[in-house]
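Just query22.csv here, CSV, C-alpha atoms:
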```csv
chain,number,residue,atom,x,y,z
A,8,MET,CA,-11.9,-23.0,21.2
A,9,PRO,CA,-12.2,-19.8,19.2
A,10,ALA,CA,-14.0,-17.0,20.9
A,11,PRO,CA,-17.4,-16.1,19.3
A,12,LEU,CA,-17.6,-13.0,17.2
A,13,ASP,CA,-19.7,-10.1,18.2
A,14,GLU,CA,-22.8,-10.4,16.2
A,15,THR,CA,-23.7,-6.7,16.2
A,16,VAL,CA,-25.1,-5.7,12.9
A,17,PRO,CA,-23.0,-3.0,11.3
A,18,LEU,CA,-24.6,0.4,11.0
A,19,GLY,CA,-26.6,0.8,7.8
A,20,LEU,CA,-27.0,-3.0,7.4
A,21,ALA,CA,-29.9,-3.6,9.8
A,22,SER,CA,-33.0,-5.0,8.2
A,23,THR,CA,-36.2,-3.0,8.0
A,24,THR,CA,-39.6,-4.2,9.1
A,25,PRO,CA,-42.0,-4.5,6.2
A,26,ARG,CA,-45.3,-2.7,6.6
A,27,GLN,CA,-48.2,-4.9,7.3
A,28,GLY,CA,-51.8,-4.8,6.1
A,29,ARG,CA,-51.5,-2.9,2.8
A,30,SER,CA,-53.9,-4.3,0.2
A,31,LYS,CA,-54.3,-1.5,-2.3
A,32,ILE,CA,-51.8,0.4,-4.4
A,33,ARG,CA,-52.8,4.0,-5.2
A,34,PRO,CA,-52.3,5.0,-8.9
A,35,GLY,CA,-50.4,8.1,-7.9
A,36,LEU,CA,-48.0,6.1,-5.8
A,37,LEU,CA,-47.5,3.7,-8.6
A,38,LEU,CA,-46.7,6.6,-11.0
A,39,GLN,CA,-44.2,8.0,-8.5
A,40,THR,CA,-42.6,4.7,-8.1
A,41,VAL,CA,-42.2,4.3,-11.9
A,42,ILE,CA,-40.7,7.8,-12.2
A,43,ALA,CA,-38.4,7.2,-9.3
A,44,GLY,CA,-37.3,3.9,-10.7
A,45,THR,CA,-36.6,5.5,-14.1
A,46,VAL,CA,-34.5,8.2,-12.5
A,47,LEU,CA,-32.6,5.7,-10.4
A,48,THR,CA,-31.9,3.6,-13.4
A,49,GLY,CA,-30.6,6.6,-15.3
A,50,MET,CA,-28.4,7.5,-12.4
A,51,LEU,CA,-27.0,4.0,-12.1
A,52,THR,CA,-26.4,3.9,-15.8
A,53,THR,CA,-24.5,7.2,-15.6
A,54,LEU,CA,-22.5,6.0,-12.6
A,55,CYS,CA,-21.6,2.7,-14.3
A,56,ALA,CA,-20.5,4.5,-17.4
A,57,ALA,CA,-18.4,6.9,-15.4
A,58,TYR,CA,-16.8,3.9,-13.6
A,59,GLY,CA,-16.1,2.2,-16.9
A,60,ALA,CA,-14.5,5.4,-18.3
A,61,SER,CA,-12.3,5.6,-15.2
A,62,GLU,CA,-10.9,2.2,-15.9
A,63,LYS,CA,-8.3,3.6,-18.3
A,64,ALA,CA,-7.6,1.9,-21.6
A,65,SER,CA,-4.2,0.8,-22.7
A,66,LYS,CA,-2.5,2.7,-25.5
A,67,GLY,CA,-1.3,0.7,-28.5
A,68,LEU,CA,2.1,-0.8,-29.1
A,69,ALA,CA,3.3,-1.8,-32.5
A,70,SER,CA,4.4,-5.3,-33.1
A,71,PRO,CA,8.1,-6.2,-34.1
A,72,GLU,CA,6.9,-7.3,-37.5
A,73,SER,CA,5.6,-3.8,-38.3
A,74,PHE,CA,9.2,-2.6,-38.4
A,75,SER,CA,10.3,-5.0,-41.1
A,76,SER,CA,10.0,-2.3,-43.7
A,77,ILE,CA,13.0,-0.5,-42.3
A,78,SER,CA,15.9,-1.9,-44.3
A,79,GLY,CA,18.8,-0.7,-42.2
A,80,VAL,CA,19.3,-3.2,-39.4
A,81,LYS,CA,20.7,-0.6,-37.0
A,82,GLN,CA,17.9,1.8,-37.8
A,83,ARG,CA,15.3,-1.0,-37.4
A,84,SER,CA,16.8,-2.0,-34.0
A,85,ALA,CA,16.8,1.6,-32.8
A,86,ALA,CA,13.2,1.9,-34.0
A,87,LEU,CA,12.2,-1.2,-32.1
A,88,PHE,CA,13.7,0.3,-28.9
A,89,THR,CA,12.0,3.6,-29.5
A,90,GLU,CA,8.7,1.7,-29.6
A,91,LEU,CA,9.6,-0.2,-26.5
A,92,GLY,CA,10.4,3.2,-25.0
A,93,LYS,CA,6.7,3.9,-24.9
A,94,VAL,CA,6.6,1.3,-22.1
A,95,LEU,CA,9.9,2.2,-20.4
A,96,THR,CA,9.0,5.8,-20.1
A,97,HIS,CA,5.4,5.2,-19.1
A,98,PRO,CA,4.5,6.2,-15.5
A,99,ARG,CA,3.8,2.5,-14.7
A,100,CYS,CA,7.5,1.8,-15.1
A,101,VAL,CA,9.1,5.2,-14.3
A,102,ASN,CA,7.4,5.5,-11.0
A,103,CYS,CA,9.3,2.6,-9.6
A,104,HIS,CA,12.5,3.4,-11.5
A,105,PRO,CA,13.2,6.8,-9.8
A,106,VAL,CA,16.6,8.3,-9.7
A,107,GLY,CA,16.1,9.3,-6.0
A,108,ASP,CA,15.1,7.3,-3.0
A,109,ARG,CA,11.4,8.0,-3.2
A,110,PRO,CA,9.0,6.3,-5.6
A,111,ARG,CA,6.4,8.2,-7.5
A,112,GLN,CA,2.8,7.3,-8.1
A,113,GLY,CA,-0.1,8.0,-10.3
A,114,ASP,CA,-0.3,8.8,-13.9
A,115,PHE,CA,1.4,12.2,-13.3
A,116,GLY,CA,4.3,10.7,-11.4
A,117,ARG,CA,3.8,12.7,-8.2
A,118,LEU,CA,5.9,11.7,-5.2
A,119,HIS,CA,4.6,8.7,-3.3
A,120,GLN,CA,2.3,9.4,-0.3
A,121,PRO,CA,2.9,8.4,2.4
A,122,PRO,CA,6.5,9.6,2.2
A,123,VAL,CA,8.2,6.2,1.8
A,124,GLU,CA,11.9,5.6,1.0
A,125,ARG,CA,13.6,2.8,-0.8
A,126,GLY,CA,15.6,1.6,2.2
A,127,ALA,CA,18.6,-0.7,2.0
A,128,ASP,CA,17.0,-3.4,-0.1
A,129,GLY,CA,14.5,-1.4,-2.2
A,130,PHE,CA,11.6,-2.7,-0.1
A,131,GLY,CA,11.4,0.4,2.2
A,132,LEU,CA,12.5,1.4,5.6
A,133,PRO,CA,12.0,-0.9,8.6
A,134,ALA,CA,8.9,1.0,9.7
A,135,MET,CA,7.4,1.3,6.2
A,136,ARG,CA,8.0,-1.8,4.1
A,137,CYS,CA,6.4,-1.8,0.6
A,138,PRO,CA,4.6,-5.2,0.9
A,139,ILE,CA,2.8,-4.0,4.1
A,140,CYS,CA,0.4,-2.1,1.9
A,141,HIS,CA,1.1,-3.5,-1.5
A,142,GLN,CA,0.1,-7.0,-1.1
A,143,ARG,CA,-0.2,-10.0,-3.5
A,144,ALA,CA,-2.9,-8.4,-5.7
A,145,ASN,CA,-4.6,-5.1,-6.3
A,146,PHE,CA,-7.1,-4.3,-3.6
A,147,GLU,CA,-9.7,-2.3,-5.4
A,148,PRO,CA,-11.9,-1.2,-2.4
A,149,ALA,CA,-8.9,0.9,-1.3
A,150,ARG,CA,-7.5,1.5,-4.8
A,151,MET,CA,-4.3,-0.1,-3.5
A,152,PRO,CA,-2.1,-1.7,-6.2
A,153,GLY,CA,-0.4,-4.9,-5.4
A,154,ARG,CA,1.8,-7.7,-6.7
A,155,PRO,CA,4.2,-10.1,-5.0
A,156,GLN,CA,7.6,-8.6,-4.3
A,157,TRP,CA,6.5,-5.0,-4.6
A,158,HIS,CA,9.7,-2.9,-4.4
A,159,LEU,CA,11.7,-0.2,-6.1
A,160,ALA,CA,14.2,-0.9,-8.8
A,161,PRO,CA,17.7,-0.5,-7.5
A,162,ARG,CA,19.0,3.1,-7.5
A,163,GLU,CA,21.4,2.4,-10.4
A,164,MET,CA,18.4,1.3,-12.5
A,165,GLY,CA,16.6,4.7,-12.1
A,166,TRP,CA,15.8,6.3,-15.4
A,167,GLU,CA,13.3,8.9,-14.4
A,168,GLY,CA,13.8,12.0,-16.6
A,169,LYS,CA,16.4,10.4,-18.9
A,170,THR,CA,16.2,10.4,-22.7
A,171,LEU,CA,15.5,7.2,-24.6
A,172,GLY,CA,19.1,7.0,-25.7
A,173,GLU,CA,20.4,7.3,-22.1
A,174,ILE,CA,17.9,4.6,-21.0
A,175,CYS,CA,19.0,2.3,-23.8
A,176,ALA,CA,22.7,2.6,-22.9
A,177,GLN,CA,21.8,2.1,-19.3
A,178,LEU,CA,19.8,-1.0,-20.0
A,179,LYS,CA,22.7,-2.6,-21.8
A,180,ASP,CA,25.1,-1.9,-19.0
A,181,PRO,CA,25.2,-4.7,-16.4
A,182,GLU,CA,26.5,-2.2,-13.9
A,183,ARG,CA,23.3,-0.2,-14.2
A,184,ASN,CA,20.7,-2.9,-15.1
A,185,GLY,CA,20.8,-5.1,-12.1
A,186,GLY,CA,23.6,-7.3,-13.4
A,187,ARG,CA,21.5,-8.6,-16.3
A,188,GLY,CA,22.5,-9.9,-19.6
A,189,LEU,CA,20.5,-8.9,-22.7
A,190,ASP,CA,18.5,-12.2,-22.6
A,191,ASP,CA,17.7,-11.5,-18.9
A,192,LEU,CA,16.2,-8.2,-20.0
A,193,VAL,CA,13.8,-10.0,-22.3
A,194,HIS,CA,12.6,-12.1,-19.4
A,195,HIS,CA,12.4,-9.2,-17.1
A,196,ILE,CA,10.3,-7.1,-19.5
A,197,GLY,CA,8.3,-9.9,-21.0
A,198,ARG,CA,7.6,-12.2,-18.1
A,199,ASP,CA,8.5,-10.7,-14.7
A,200,THR,CA,5.3,-10.7,-12.6
A,201,LEU,CA,6.0,-7.4,-10.9
A,202,VAL,CA,6.7,-5.8,-14.3
A,203,GLY,CA,3.5,-7.4,-15.5
A,204,TRP,CA,1.4,-5.4,-13.0
A,205,ALA,CA,2.0,-2.4,-15.3
A,206,TRP,CA,-0.6,-3.9,-17.7
A,207,ALA,CA,-3.1,-4.6,-15.0
A,208,PRO,CA,-2.7,-1.6,-12.6
A,209,GLY,CA,-6.3,-1.4,-11.4
A,210,PHE,CA,-8.8,1.3,-11.3
A,211,GLY,CA,-7.8,4.8,-12.1
A,212,ARG,CA,-4.4,4.0,-13.5
A,213,GLU,CA,-3.5,3.9,-17.1
A,214,PRO,CA,-2.0,0.5,-18.1
A,215,ALA,CA,1.4,0.5,-19.9
A,216,PRO,CA,1.0,0.4,-23.7
A,217,GLY,CA,0.2,-2.8,-25.4
A,218,THR,CA,0.7,-6.0,-23.6
A,219,GLN,CA,3.6,-7.5,-21.6
A,220,GLU,CA,4.1,-10.2,-24.2
A,221,LEU,CA,4.4,-7.6,-26.9
A,222,ALA,CA,6.8,-5.5,-24.9
A,223,GLY,CA,8.9,-8.7,-24.4
A,224,ALA,CA,8.7,-9.4,-28.1
A,225,LEU,CA,9.9,-5.9,-28.9
A,226,ALA,CA,12.8,-6.3,-26.5
A,227,GLU,CA,13.7,-9.7,-28.0
A,228,ALA,CA,13.6,-8.3,-31.6
A,229,TRP,CA,15.6,-5.3,-30.6
A,230,ILE,CA,18.3,-7.4,-29.1
A,231,LYS,CA,18.3,-10.0,-31.9
A,232,ILE,CA,19.4,-7.5,-34.4
A,233,GLY,CA,22.0,-5.7,-32.5
A,234,ALA,CA,20.3,-3.8,-29.6
A,235,ALA,CA,21.1,-0.5,-31.2
A,236,CYS,CA,20.2,2.7,-29.4
A,237,PRO,CA,18.2,5.6,-30.8
B,23,MET,CA,-16.4,-15.1,1.1
B,24,THR,CA,-13.3,-16.4,2.8
B,25,SER,CA,-12.8,-17.9,6.3
B,26,LEU,CA,-10.8,-15.7,8.6
B,27,THR,CA,-9.2,-16.6,11.9
B,28,LEU,CA,-6.7,-14.4,13.7
B,29,THR,CA,-5.5,-13.5,17.1
B,30,ILE,CA,-6.1,-10.0,18.4
B,31,ASN,CA,-4.4,-8.9,21.7
B,32,GLY,CA,-3.9,-12.5,22.6
B,33,ARG,CA,-7.5,-13.6,21.9
B,34,THR,CA,-8.5,-15.8,19.0
B,35,HIS,CA,-11.3,-14.5,16.8
B,36,GLY,CA,-13.1,-16.7,14.2
B,37,PRO,CA,-13.3,-18.6,12.1
B,38,VAL,CA,-15.7,-16.2,10.4
B,39,GLU,CA,-16.7,-15.9,6.8
B,40,VAL,CA,-15.9,-12.4,5.5
B,41,ARG,CA,-16.2,-10.8,2.1
B,42,ASP,CA,-12.9,-10.7,0.2
B,43,GLU,CA,-13.2,-7.0,-0.3
B,44,LEU,CA,-13.8,-6.2,3.4
B,45,THR,CA,-11.0,-4.1,4.7
B,46,MET,CA,-9.2,-5.0,8.0
B,47,ASN,CA,-10.3,-1.6,9.4
B,48,ASP,CA,-13.9,-2.4,8.8
B,49,PHE,CA,-13.5,-5.8,10.3
B,50,LEU,CA,-12.1,-4.4,13.5
B,51,ARG,CA,-14.4,-1.5,13.8
B,52,GLU,CA,-17.7,-2.8,12.4
B,53,TYR,CA,-17.6,-6.5,13.0
B,54,LEU,CA,-15.7,-6.6,16.3
B,55,GLY,CA,-16.6,-3.1,17.5
B,56,MET,CA,-12.9,-2.4,18.3
B,57,THR,CA,-13.1,1.3,17.4
B,58,GLY,CA,-9.7,2.1,19.0
B,59,THR,CA,-8.2,1.5,15.6
B,60,LYS,CA,-9.2,4.7,13.7
B,61,PHE,CA,-10.2,5.3,10.1
B,62,GLY,CA,-8.5,8.4,8.9
B,63,CYS,CA,-7.5,9.1,5.3
B,64,GLY,CA,-8.4,5.7,3.9
B,65,ALA,CA,-5.3,5.7,1.8
B,66,ALA,CA,-2.6,4.5,4.2
B,67,GLN,CA,-1.3,8.1,4.4
B,68,CYS,CA,-2.0,9.1,7.9
B,69,LEU,CA,-1.5,5.7,9.6
B,70,SER,CA,-4.0,6.4,12.4
B,71,CYS,CA,-5.3,2.9,11.4
B,72,ALA,CA,-2.0,1.1,12.0
B,73,VAL,CA,-2.0,-2.0,14.1
B,74,ILE,CA,1.0,-4.1,15.3
B,75,VAL,CA,1.5,-7.4,13.5
B,76,ASP,CA,3.5,-10.0,15.5
B,77,ASN,CA,5.4,-12.5,13.3
B,78,PRO,CA,6.0,-16.0,14.5
B,79,ASP,CA,9.8,-15.3,14.4
B,80,GLY,CA,9.4,-12.6,17.1
B,81,ALA,CA,9.6,-9.6,14.8
B,82,SER,CA,6.9,-7.1,14.9
B,83,TYR,CA,5.9,-4.3,12.6
B,84,THR,CA,3.0,-1.9,12.1
B,85,GLN,CA,0.6,-2.2,9.3
B,86,PRO,CA,-2.2,0.1,8.1
B,87,THR,CA,-5.6,-1.5,8.1
B,88,CYS,CA,-7.6,0.8,5.8
B,89,VAL,CA,-6.1,-0.4,2.5
B,90,VAL,CA,-5.7,-4.1,3.0
B,91,PRO,CA,-8.2,-6.9,3.0
B,92,ALA,CA,-9.2,-8.5,6.3
B,93,ILE,CA,-8.5,-11.9,4.8
B,94,SER,CA,-4.8,-11.0,4.4
B,95,PHE,CA,-4.6,-11.2,8.2
B,96,ASN,CA,-5.8,-14.8,8.3
B,97,GLY,CA,-3.6,-16.8,10.8
B,98,LYS,CA,-1.8,-13.7,12.0
B,99,ALA,CA,-1.5,-12.3,15.5
B,100,ILE,CA,-2.0,-8.5,15.9
B,101,ARG,CA,-2.1,-6.0,18.6
B,102,THR,CA,-4.4,-3.0,18.7
B,103,VAL,CA,-4.5,0.1,21.0
B,104,GLU,CA,-7.0,-1.8,23.2
B,105,GLY,CA,-4.3,-4.3,24.0
B,106,HIS,CA,-1.6,-2.1,25.5
B,107,ALA,CA,-2.9,-1.4,29.0
B,108,LYS,CA,-3.1,-4.5,31.3
B,109,ASP,CA,-5.8,-4.7,34.0
B,110,GLY,CA,-6.4,-1.0,33.7
B,111,GLU,CA,-2.7,-0.1,34.2
B,112,LEU,CA,-1.3,2.0,31.4
B,113,THR,CA,2.1,1.2,29.9
B,114,LEU,CA,5.0,3.5,30.5
B,115,LEU,CA,4.7,4.6,26.9
B,116,GLN,CA,1.0,5.5,27.4
B,117,LYS,CA,1.8,7.4,30.6
B,118,SER,CA,4.6,9.2,28.8
B,119,PHE,CA,2.2,10.3,26.1
B,120,ILE,CA,-0.1,11.8,28.7
B,121,GLU,CA,2.7,13.4,30.7
B,122,HIS,CA,4.0,15.1,27.6
B,123,PHE,CA,0.6,16.1,26.4
B,124,ALA,CA,1.6,14.3,23.2
B,125,PHE,CA,-1.9,14.4,21.8
B,126,GLN,CA,-4.8,16.7,21.7
B,127,CYS,CA,-7.8,15.3,19.8
B,128,GLY,CA,-6.2,11.8,20.1
B,129,TYR,CA,-7.3,10.5,16.7
B,130,CYS,CA,-3.8,9.7,15.6
B,131,THR,CA,-2.7,8.3,19.0
B,132,PRO,CA,-3.4,4.6,18.3
B,133,GLY,CA,-1.2,4.7,15.3
B,134,PHE,CA,1.6,6.6,17.1
B,135,LEU,CA,1.3,4.4,20.1
B,136,ASN,CA,1.6,1.2,18.1
B,137,GLU,CA,4.5,2.5,16.1
B,138,ALA,CA,6.3,3.7,19.2
B,139,GLN,CA,5.7,0.3,20.9
B,140,VAL,CA,7.3,-1.5,18.0
B,141,LEU,CA,10.2,0.9,18.2
B,142,LEU,CA,10.7,0.2,21.9
B,143,GLU,CA,10.6,-3.6,21.3
B,144,ARG,CA,13.0,-3.3,18.4
B,145,LEU,CA,15.5,-1.2,20.4
B,146,ALA,CA,15.3,-3.7,23.3
B,147,LYS,CA,16.6,-6.3,20.8
B,148,GLN,CA,18.8,-3.9,18.8
B,149,PRO,CA,19.9,-1.0,20.9
B,150,VAL,CA,21.3,2.1,19.2
B,151,ALA,CA,23.8,4.7,20.2
B,152,ARG,CA,22.5,7.8,22.0
B,153,SER,CA,23.8,9.8,19.1
B,154,ASP,CA,21.5,7.9,16.7
B,155,LEU,CA,18.5,8.1,19.0
B,156,GLU,CA,16.8,11.2,17.6
B,157,LYS,CA,17.1,10.0,14.0
B,158,THR,CA,15.9,6.6,15.0
B,159,ILE,CA,12.8,8.0,16.7
B,160,ALA,CA,12.1,10.4,13.8
B,161,GLN,CA,12.4,7.6,11.2
B,162,ALA,CA,10.1,5.3,13.2
B,163,LEU,CA,7.4,7.9,13.6
B,164,ASP,CA,7.8,9.3,10.2
B,165,GLY,CA,4.6,8.9,8.1
B,166,HIS,CA,2.2,9.2,11.0
B,167,LEU,CA,0.2,12.3,10.6
B,168,CYS,CA,-1.1,14.5,13.4
B,169,ARG,CA,-3.4,17.3,12.5
B,170,CYS,CA,-3.0,18.8,15.9
B,171,THR,CA,0.8,18.9,15.1
B,172,GLY,CA,1.8,17.0,18.1
B,173,TYR,CA,4.9,15.6,16.4
B,174,VAL,CA,7.5,17.1,18.8
B,175,LYS,CA,5.6,16.0,21.9
B,176,TYR,CA,5.2,12.5,20.6
B,177,HIS,CA,8.9,12.4,19.8
B,178,GLU,CA,9.7,13.7,23.3
B,179,ALA,CA,7.4,11.2,24.9
B,180,VAL,CA,9.1,8.3,23.2
B,181,ARG,CA,12.5,9.7,23.9
B,182,ALA,CA,11.7,10.0,27.6
B,183,VAL,CA,10.7,6.4,27.9
B,184,ILE,CA,14.0,5.3,26.3
B,185,LEU,CA,16.2,7.7,28.3
B,186,ALA,CA,14.5,6.5,31.5
B,187,ASP,CA,16.0,3.1,30.9
B,188,PRO,CA,19.0,3.6,28.7
B,189,GLN,CA,20.6,0.2,29.5
B,190,HIS,CA,17.6,-1.4,28.0
B,191,TYR,CA,17.4,0.6,24.8
B,192,LEU,CA,20.8,2.2,24.2
B,193,ILE,CA,24.3,0.9,23.5
```

Could you write out this file's structure as structure tokens?
Amino acid sequence: MPAPLDETVPLGLASTTPRQGRSKIRPGLLLQTVIAGTVLTGMLTTLCAAYGASEKASKGLASPESFSSISGVKQRSAALFTELGKVLTHPRCVNCHPVGDRPRQGDFGRLHQPPVERGADGFGLPAMRCPICHQRANFEPARMPGRPQWHLAPREMGWEGKTLGEICAQLKDPERNGGRGLDDLVHHIGRDTLVGWAWAPGFGREPAPGTQELAGALAEAWIKIGAACP
Amino acid sequence: MTSLTLTINGRTHGPVEVRDELTMNDFLREYLGMTGTKFGCGAAQCLSCAVIVDNPDGASYTQPTCVVPAISFNGKAIRTVEGHAKDGELTLLQKSFIEHFAFQCGYCTPGFLNEAQVLLERLAKQPVARSDLEKTIAQALDGHLCRCTGYVKYHEAVRAVILADPQHYLI
């Protein structure tokens, strides 16, 4: 038999006792109420607008078709990768593809606080595993991002600070891309659920450009015509 | 609203309907009145809010409560600072904290205590060499913040418990 919960009302949530016996409303009081209501409405509107503005908008990403005017196949492929590079070099991706053992966070890529490290499997040290805080979904009351399998990309897949050309060469190298073939890359970029978090990062974080589907389409188009590097 | 049932310090709580956005820290402190678990930074950076989660497989780990929803603890068993002492008798670890004057204001102590307890239990199952002990303690307590800067004393207090029973914790 489960033990009963303490029914203590949390502070600030206790109900107030309504005043009894009031039958007349003074005009002055009514005016004050209207003014107060107007001011409160204005404040709420401002706050809501500020909240909305803080939910950052995604920047655009061109579609693969928009590169069809580039006649040279190699140049077109490289251009497709350059467009895809807007995603790959975005903080939402780079923060978890660091070259060191510590992830970064935020739109400015500051070192992760608390000072976690990748650990043996990329999921953190025994005392500080990633999924302990980063759970199955974003938890907005605490601004905590979350998706299943939250972890760092393997060390060899770090591309923080690298040029697009270097990242491109790295992505095609199974030794440095998690043992993936090129088709696997399309799936990883276009469908992986953890990667997909980059487009739904929650309050205060800029989403990766475009959509995950568009990024996957760019990767597919890039590979289809030769996977050239810029 | 989601139904929540969990075990805290061996006692079942719930089922109770809670808001999905209610943090575990608020559930412990405001619903249950268990204020031993602290609310510090609110961003999982100080870990004063950490509790022990006991997995069914016997493994235990600490988890901050300020950044995770209460409903994520549904069906779980946890321990808080209130659950360490038995019948008013402090554990060896708690006594060592006091003997080493490990804390001053004490706000971070529940987190350090839970973390150190998990470490002791882990070492009892997987002892380490004496030469690795300092690093092991440092890694375990890493991340817990103490504004009174009691880090060294916390470290020494944990070390003292381990060295007092080396056959239990060391190879």

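Ranking B:Phe125, B:Tyr176, B:Phe134, B:Phe61 by their shortest atom-to-atom distance to Phe49 of chain B, with all atoms listed in the file included, puts B:Phe61 first.
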
* Asked: How many Å lie between atom CA of Pro133 of chain A and atom CA of Val73 of chain B, rounded to one decimal?
  ->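 Between atom CA of Pro133 of chain A and atom CA of Val73 of chain B the gap is 15.1 Å.
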
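Between atom CA of Val75 of chain B and atom CA of Lys98 of chain B there is a distance of 7.3 Å.
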
* **Contact residues (chain B, partner chain A, 9 Å, all atoms listed in the file) as a PyMOL selection string** => chain B and resi 27+33-38+43-45+52-55+64-69+83-91+94+137+140-141+161-166

Env of segment 72-85 of chain A: 7 Å cut, atoms = only C-alpha atoms, seq-sep filter 2 positions within chain, self excluded. Answer as a PDB file with C-alpha atoms, in the coordinates of the input.
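Once everything was written out, this is out.pdb:
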```pdb
ATOM      1  CA  ALA A  69       3.300  -1.800 -32.500  1.00  0.00           C
ATOM      2  CA  SER A  70       4.400  -5.300 -33.100  1.00  0.00           C
ATOM      3  CA  LEU A  87      12.200  -1.200 -32.100  1.00  0.00           C
ATOM      4  CA  PHE A  88      13.700   0.300 -28.900  1.00  0.00           C
ATOM      5  CA  THR A  89      12.000   3.600 -29.500  1.00  0.00           C
ATOM      6  CA  TRP A 229      15.600  -5.300 -30.600  1.00  0.00           C
ATOM      7  CA  ILE A 232      19.400  -7.500 -34.400  1.00  0.00           C
ATOM      8  CA  GLY A 233      22.000  -5.700 -32.500  1.00  0.00           C
ATOM      9  CA  ALA A 234      20.300  -3.800 -29.600  1.00  0.00           C
ATOM     10  CA  ALA A 235      21.100  -0.500 -31.200  1.00  0.00           C
ATOM     11  CA  CYS A 236      20.200   2.700 -29.400  1.00  0.00           C
ATOM     12  CA  PRO A 237      18.200   5.600 -30.800  1.00  0.00           C
TER      13      PRO A 237
END
```

* Using only C-alpha atoms, which residue out of B:Gly172, B:Pro149, B:Pro132, B:Gly62 lies closest to Pro188 of chain B? -> B:Pro149

All residues 9 Å or closer to Val106 of chain A, all atoms listed in the file, same chain fewer than 4 positions away omitted, as a compact mmCIF listing (two decimals) with C-alpha atoms, in the frame of the given file:
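Contents of part.txt, as written:
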```
# COMPACT_ATOMS: atom_id res chain seq x y z
CA PRO A 110 9.00 6.30 -5.60
CA ARG A 162 19.00 3.10 -7.50
CA GLU A 163 21.40 2.40 -10.40
CA MET A 164 18.40 1.30 -12.50
CA GLY A 165 16.60 4.70 -12.10
CA TRP A 166 15.80 6.30 -15.40
CA GLU A 167 13.30 8.90 -14.40
CA GLY A 168 13.80 12.00 -16.60
```

* Asked: Any idea what the distance is between atom CA of Val183 of chain B and atom CA of Phe130 of chain A?
  -> 29.5 Å

* Asked: Neighbours of Tyr191 of chain B within 10 Å (all atoms listed in the file; same-chain residues fewer than 3 positions away dropped), as JSON, numbers by chain?
  -> {"B": [141, 142, 143, 144, 145, 146, 147, 148, 149, 150, 151, 152, 155, 183, 184, 185, 186, 187, 188]}

* **Polymer residues at most 7 Å from Leu225 of chain A, all atoms listed in the file, same-chain spacing of 2 or more positions, as a list in words** => Ser70, Pro71, Leu87, Leu91, Leu221, Ala222, Gly223, Glu227, Ala228 and Trp229 of chain A

* To do: Check the smallest atom-to-atom distance from each of B:His106, B:Asp79, B:Gln126, B:Cys71 to Arg51 of chain B using all atoms listed in the file, then report the winner.
  =>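 Nearest candidate to Arg51 of chain B out of B:His106, B:Asp79, B:Gln126, B:Cys71: B:Cys71.
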
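Using only C-alpha atoms, the nearest neighbour of Cys168 of chain B within the list B:Asn136, B:Gly128, B:Leu28, B:Gly58 is B:Gly128.
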
* Asked: Between B:Ser82, B:Ser153, B:Thr131, B:Gln139, which is the closest to Thr113 of chain B once you count all atoms listed in the file?
  ->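 Using all atoms listed in the file, the shortest distance to Thr113 of chain B belongs to B:Gln139.
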
* **Test item: which residues lie within 12 Å of (25.1, 1.4, -14.5) counting only C-alpha atoms, as JSON, numbers by chain** => {"A": [106, 161, 162, 163, 164, 165, 166, 173, 174, 175, 176, 177, 178, 179, 180, 181, 182, 183, 184, 185, 186, 187]}

* Residue with smallest distance to His97 of chain A - pool A:Pro155, A:Ala226, A:Ala215, A:Val202, counting all atoms listed in the file ->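 Looking at the shortest contact to His97 of chain A, the residue is A:Ala215.
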
Would you mind listing what lies within 12 Å of Asp199 of chain A as a PDB file with C-alpha atoms, keeping the file's coordinate frame, with only C-alpha atoms counted and same-chain residues fewer than 3 positions away left out?
```
ATOM      1  CA  ARG A 154       1.800  -7.700  -6.700  1.00  0.00           C
ATOM      2  CA  PRO A 155       4.200 -10.100  -5.000  1.00  0.00           C
ATOM      3  CA  GLN A 156       7.600  -8.600  -4.300  1.00  0.00           C
ATOM      4  CA  TRP A 157       6.500  -5.000  -4.600  1.00  0.00           C
ATOM      5  CA  ASP A 191      17.700 -11.500 -18.900  1.00  0.00           C
ATOM      6  CA  LEU A 192      16.200  -8.200 -20.000  1.00  0.00           C
ATOM      7  CA  VAL A 193      13.800 -10.000 -22.300  1.00  0.00           C
ATOM      8  CA  HIS A 194      12.600 -12.100 -19.400  1.00  0.00           C
ATOM      9  CA  HIS A 195      12.400  -9.200 -17.100  1.00  0.00           C
ATOM     10  CA  ILE A 196      10.300  -7.100 -19.500  1.00  0.00           C
ATOM     11  CA  VAL A 202       6.700  -5.800 -14.300  1.00  0.00           C
ATOM     12  CA  GLY A 203       3.500  -7.400 -15.500  1.00  0.00           C
ATOM     13  CA  TRP A 204       1.400  -5.400 -13.000  1.00  0.00           C
ATOM     14  CA  ALA A 205       2.000  -2.400 -15.300  1.00  0.00           C
ATOM     15  CA  TRP A 206      -0.600  -3.900 -17.700  1.00  0.00           C
ATOM     16  CA  GLN A 219       3.600  -7.500 -21.600  1.00  0.00           C
ATOM     17  CA  GLU A 220       4.100 -10.200 -24.200  1.00  0.00           C
ATOM     18  CA  ALA A 222       6.800  -5.500 -24.900  1.00  0.00           C
ATOM     19  CA  GLY A 223       8.900  -8.700 -24.400  1.00  0.00           C
TER      20      GLY A 223
END
```
